[in-house]
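*Asks:* One structure, as structure tokens, below. Some questions next.
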Amino acid sequence: MTNVAKLPTETRLPETERPAHSVPTDDLVAAGKRVRDKIPRAAQGIWKRHKDRADPLAILRVSDEGRMQELVPIRYGRMLETPFTYYRGSAAVMAADLAVAPTMGFMSRPVATAICSISVASPHLSGT
């Protein structure tokens, strides 16, 4: 299997430098295929601990700075409930892991649909 750390991290896509509505769909599809030739989808699912990975607990402790210290145990208790609540409370850990992962070389924009699906799947988050 491909070593994630050795994958290219920069990909230039001229199609993404113009407004999406001005680029024909076929050109956008072709651009996506070019990127997948350099960074296959399967490589995005591989995670290997980086040799210089920061301790996740140390990252969480740093994120506790500036918080009301009497509430920190409540935060950790909530994070223990489910994997979803852990990841919701430990975004800094995930960001540190993703910082060394291969990238496509362009930013994507999350859409409201993703937020809506979380609210539907977890009604307690949407306040209903």
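Each chain in the structure tokens gets a letter, A, B and so on, in the order shown; residues start at 1 in every chain, and ligands are counted from 1 in the order they appear.
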Could you pull the residues within 12 Å of Met79 (chain A), counting only C-alpha atoms, minus those fewer than 4 positions along the same chain, as a list in words?

*Replies:*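 Once the adjacent positions are removed, what remains is Leu60, Val72, Pro73, Ile74, Arg75, Pro83, Phe84, Thr85, Tyr86, Tyr87, Arg88, Gly89, Ser90 and Ala91 of chain A.
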
*Asks:* Take the residues that were just selected and, keeping C-alpha atoms, output them as a PDB file, in the first residue's frame.

*Replies:*
```
ATOM      1  CA  LEU A  60      -6.311  18.541  24.619  1.00  0.00           C
ATOM      2  CA  VAL A  72     -13.030  20.761  31.943  1.00  0.00           C
ATOM      3  CA  PRO A  73     -13.973  17.430  33.639  1.00  0.00           C
ATOM      4  CA  ILE A  74     -17.509  17.853  32.300  1.00  0.00           C
ATOM      5  CA  ARG A  75     -16.085  18.353  28.800  1.00  0.00           C
ATOM      6  CA  PRO A  83     -17.036   8.451  19.295  1.00  0.00           C
ATOM      7  CA  PHE A  84     -19.057  11.345  17.843  1.00  0.00           C
ATOM      8  CA  THR A  85     -18.822  13.372  21.056  1.00  0.00           C
ATOM      9  CA  TYR A  86     -15.110  12.576  21.335  1.00  0.00           C
ATOM     10  CA  TYR A  87     -14.404  13.891  17.839  1.00  0.00           C
ATOM     11  CA  ARG A  88     -16.627  16.901  18.413  1.00  0.00           C
ATOM     12  CA  GLY A  89     -14.632  17.792  21.522  1.00  0.00           C
ATOM     13  CA  SER A  90     -11.213  17.008  20.086  1.00  0.00           C
ATOM     14  CA  ALA A  91     -11.143  18.906  16.811  1.00  0.00           C
TER      15      ALA A  91
END
```

*Asks:* Choose the residue, out of A:Glu70, A:Ile59, A:Thr82, A:Val23, that has the smallest atom-to-atom separation from Ala95 (chain A); count only C-alpha atoms.

*Replies:* A:Ile59

*Asks:* Can you measure CA of Val100 (chain A) to CA of Arg34 (chain A) for me? One decimal in Å is fine.

*Replies:*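 Between these atoms lies a distance of 21.6 Å.
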
*Asks:* When DSSP works through the backbone of this structure, what residues of region 24-124 of chain A end up as helix (DSSP H, G or I), shown as a ChimeraX atom specification?

*Replies:* /A:25-38,41-44,56-64,69-79,83-89,91-98,112-121,123-124

*Asks:* What does the distance from CA of Ala101 (chain A) to CA of Pro40 (chain A) come to in Å, to one decimal?

*Replies:* 12.9 Å

*Asks:* When you draw a straight line from CA of Ile39 (chain A) to CA of Lys51 (chain A), how long is it in Å?

*Replies:* 21.2 Å
